[in-house]
Amino acid sequence: MSTSDPAKLITKADKLTKLSLTRWSADWRTATQLYEQSAIGFRVAKDYEKAKSAFEKASQGQEMLSSPWDAAKHMESAAALAKELSNWTEVADFYRKASELYIVCGRPQPASDALAKAARALEDAVPDEAIQLYTEACSILEEDEKEHMAFDLYRAATCVYIKLEKYTDAATFLLRWGLAADKCKATNSQCKAYLSAIIVYLYAHDFKQAEKCYNDCAQIDVFLGNDHGRCASKLLSAYSEGDIEEIKRVAQSSTISNLDHVDVTQIIRLARKLPTGEVSAQKTDAAEEEEEPLDEDDLT
């Protein structure tokens with residue numbers, strides 16, 4: 001075998017990290033260089049399993065050399081190869097490890113990016129884990145007060161929730177997006193997120209929660225006086241009155257069509273399907289709440 005043979009390189013590197021009667025200290029610097037060369041050689045040869053293992057060892061070597069940035073980069077390379085091998089558990093684990101190493105470097109943006117890469121890779125195969133990764137990625141940016149850099153992550157997580165038909169969770173994440181938009185003065189995104197949350201609740205037949213959501217959001221002046229706030233008000237009024245045609249008309253309005261600007265096109269599709277439940281029941285409930293008399297003799 002030639003000295004450039006990746007298998008020979010990794011064997012030599014392994015020996016340099018093990019103590020013996022003739023070697024009293026590990027030579028991590030030389031070993032790490034050999035692991036890196038081996039990883040590249042295996043990757044070029046498309047032996048992804050061995051390349052992945054070599055990048056893991058190269059990452060460990062860089063950690064031993066107190067170079068967390070390079071260790072994180074190698075761990076991301078290992079994660080990318082795990083993706084090629086459809087090893088979804090390792091994809092999540094390796095990108096999380098890379099994220100932790102970036103945090104050690106004091107670099108929250110690449111730490112968040114690493115988790116987002118994992119989430120995107122897992123969306124189809126393990127969607128629940130993808131959502132968790134997106135959530136963790138958002139949290140890193142929120143803690144660093146860089147919410148404006150997390151908008152794509154809020155959007156992506158919402159999309160996965162809707163695909164899984166977890167509508168309450170989707171609405172909750174939209175409200176989280178709205179709060180983040182408020183913190184960075186992104187008024188348009190904030191109002192779109194609130195209207196989208198109300199639409200999702202209505203699609204899930206949860207009129208009471210949609211109404212509560214509107215009442216909470218209406219405490220914010222910028223939403224109440226915005227086209228999105230007025231659109232939400234018209235939509236809820238139409239539900240309260242049991243007016244199916246008005247619901248459909250509002251759902252076709254330009255305000256809802258323009259939600260496409262935030263790329264959550266599922267929201268528009270959900271709106272176009274409204275009403276999905278029994279609207280007359282909402283009218284009946286509203287009427288009963290208004291007309292229920294007070295019985296002064298009933299003290300229970």
# chains A, B, ... in the order shown; residues from 1 in each chain; ligands from 1
>>> residues_around(residues="stretch 142-157 of chain A", least_positions_apart="3", cutoff="10 Å", atoms="only C-alpha atoms", output="ChimeraX atom specification")
/A:107-109,112-113,116,119-120,123,127-128,130-139,160-163,169-170,173-186,189,193,262-264
>>> write_last_selection(atoms="C-alpha atoms", output="CSV table (one decimal), in the first residue's frame")
chain,number,residue,atom,x,y,z
A,107,ARG,CA,-20.4,31.6,17.5
A,108,PRO,CA,-24.2,31.3,17.9
A,109,GLN,CA,-25.0,31.8,14.2
A,112,SER,CA,-27.9,27.6,14.8
A,113,ASP,CA,-27.1,26.9,11.2
A,116,ALA,CA,-31.0,23.9,10.8
A,119,ALA,CA,-33.5,19.6,10.6
A,120,ARG,CA,-33.7,20.1,6.8
A,123,GLU,CA,-37.8,16.7,7.6
A,127,PRO,CA,-40.2,15.1,11.0
A,128,ASP,CA,-40.8,15.2,14.7
A,130,ALA,CA,-36.7,17.9,12.6
A,131,ILE,CA,-39.1,20.2,14.5
A,132,GLN,CA,-37.1,19.7,17.7
A,133,LEU,CA,-34.0,20.7,15.8
A,134,TYR,CA,-35.6,23.8,14.3
A,135,THR,CA,-36.9,24.7,17.8
A,136,GLU,CA,-33.4,24.4,19.2
A,137,ALA,CA,-31.9,26.5,16.3
A,138,CYS,CA,-34.5,29.2,17.0
A,139,SER,CA,-33.7,29.2,20.7
A,160,VAL,CA,-43.5,20.7,9.1
A,161,TYR,CA,-46.2,21.0,11.8
A,162,ILE,CA,-48.9,21.7,9.2
A,163,LYS,CA,-47.7,18.7,7.1
A,169,ASP,CA,-48.5,23.4,17.5
A,170,ALA,CA,-48.3,25.2,14.2
A,173,PHE,CA,-45.1,28.5,16.6
A,174,LEU,CA,-46.6,31.2,14.5
A,175,LEU,CA,-47.3,33.2,17.6
A,176,ARG,CA,-43.7,32.7,18.7
A,177,TRP,CA,-42.7,34.0,15.3
A,178,GLY,CA,-44.9,37.0,15.8
A,179,LEU,CA,-43.3,37.8,19.2
A,180,ALA,CA,-39.9,37.5,17.6
A,181,ALA,CA,-40.9,39.9,14.8
A,182,ASP,CA,-42.2,42.3,17.4
A,183,LYS,CA,-38.9,42.4,19.1
A,184,CYS,CA,-37.0,43.3,16.0
A,185,LYS,CA,-39.7,45.8,14.8
A,186,ALA,CA,-40.7,43.6,11.7
A,189,SER,CA,-44.1,39.8,9.5
A,193,ALA,CA,-47.9,35.6,11.7
A,262,VAL,CA,-43.8,34.8,4.0
A,263,ASP,CA,-43.6,31.6,2.0
A,264,VAL,CA,-45.9,29.7,4.2
>>> select_by_dssp(residues="stretch 26-235 of chain A", states="helix (DSSP H, G or I)", output="count of residues only")
174
>>> closest_residue(among="A:Met64, A:Leu81, A:Ala121, A:Cys231", to="A:Ile247", atoms="only C-alpha atoms")
A:Cys231
>>> closest_residue(among="A:Ile40, A:Ala171, A:Val222, A:Ile199", to="A:Lys234", atoms="only C-alpha atoms")
A:Ile199
>>> decode(residues="stretch 154-168 of chain A", atoms="N, CA and C atoms", output="PDB file, in the first residue's frame")
ATOM      1  N   TYR A 154     -38.533  29.689  11.804  1.00  0.00           N
ATOM      2  CA  TYR A 154     -39.939  29.689  12.234  1.00  0.00           C
ATOM      3  C   TYR A 154     -40.825  29.190  11.090  1.00  0.00           C
ATOM      4  N   ARG A 155     -40.538  29.679   9.902  1.00  0.00           N
ATOM      5  CA  ARG A 155     -41.310  29.306   8.720  1.00  0.00           C
ATOM      6  C   ARG A 155     -41.212  27.806   8.460  1.00  0.00           C
ATOM      7  N   ALA A 156     -40.006  27.281   8.497  1.00  0.00           N
ATOM      8  CA  ALA A 156     -39.786  25.865   8.206  1.00  0.00           C
ATOM      9  C   ALA A 156     -40.469  24.973   9.238  1.00  0.00           C
ATOM     10  N   ALA A 157     -40.345  25.314  10.514  1.00  0.00           N
ATOM     11  CA  ALA A 157     -40.970  24.519  11.572  1.00  0.00           C
ATOM     12  C   ALA A 157     -42.488  24.527  11.432  1.00  0.00           C
ATOM     13  N   THR A 158     -43.048  25.690  11.124  1.00  0.00           N
ATOM     14  CA  THR A 158     -44.494  25.798  10.931  1.00  0.00           C
ATOM     15  C   THR A 158     -44.956  24.888   9.804  1.00  0.00           C
ATOM     16  N   CYS A 159     -44.200  24.880   8.715  1.00  0.00           N
ATOM     17  CA  CYS A 159     -44.548  24.038   7.563  1.00  0.00           C
ATOM     18  C   CYS A 159     -44.570  22.564   7.938  1.00  0.00           C
ATOM     19  N   VAL A 160     -43.594  22.128   8.714  1.00  0.00           N
ATOM     20  CA  VAL A 160     -43.546  20.718   9.108  1.00  0.00           C
ATOM     21  C   VAL A 160     -44.724  20.386  10.016  1.00  0.00           C
ATOM     22  N   TYR A 161     -45.031  21.272  10.950  1.00  0.00           N
ATOM     23  CA  TYR A 161     -46.188  21.045  11.829  1.00  0.00           C
ATOM     24  C   TYR A 161     -47.470  20.879  11.009  1.00  0.00           C
ATOM     25  N   ILE A 162     -47.649  21.718  10.016  1.00  0.00           N
ATOM     26  CA  ILE A 162     -48.864  21.651   9.198  1.00  0.00           C
ATOM     27  C   ILE A 162     -48.895  20.356   8.394  1.00  0.00           C
ATOM     28  N   LYS A 163     -47.757  19.955   7.857  1.00  0.00           N
ATOM     29  CA  LYS A 163     -47.701  18.675   7.119  1.00  0.00           C
ATOM     30  C   LYS A 163     -48.095  17.509   8.013  1.00  0.00           C
ATOM     31  N   LEU A 164     -47.721  17.606   9.292  1.00  0.00           N
ATOM     32  CA  LEU A 164     -48.063  16.551  10.252  1.00  0.00           C
ATOM     33  C   LEU A 164     -49.474  16.702  10.809  1.00  0.00           C
ATOM     34  N   GLU A 165     -50.170  17.763  10.371  1.00  0.00           N
ATOM     35  CA  GLU A 165     -51.530  18.088  10.833  1.00  0.00           C
ATOM     36  C   GLU A 165     -51.561  18.372  12.332  1.00  0.00           C
ATOM     37  N   LYS A 166     -50.455  18.900  12.848  1.00  0.00           N
ATOM     38  CA  LYS A 166     -50.403  19.330  14.245  1.00  0.00           C
ATOM     39  C   LYS A 166     -50.694  20.834  14.275  1.00  0.00           C
ATOM     40  N   TYR A 167     -51.969  21.149  14.096  1.00  0.00           N
ATOM     41  CA  TYR A 167     -52.362  22.534  13.861  1.00  0.00           C
ATOM     42  C   TYR A 167     -52.196  23.433  15.088  1.00  0.00           C
ATOM     43  N   THR A 168     -52.485  22.907  16.261  1.00  0.00           N
ATOM     44  CA  THR A 168     -52.321  23.721  17.468  1.00  0.00           C
ATOM     45  C   THR A 168     -50.851  24.092  17.651  1.00  0.00           C
TER      46      THR A 168
END
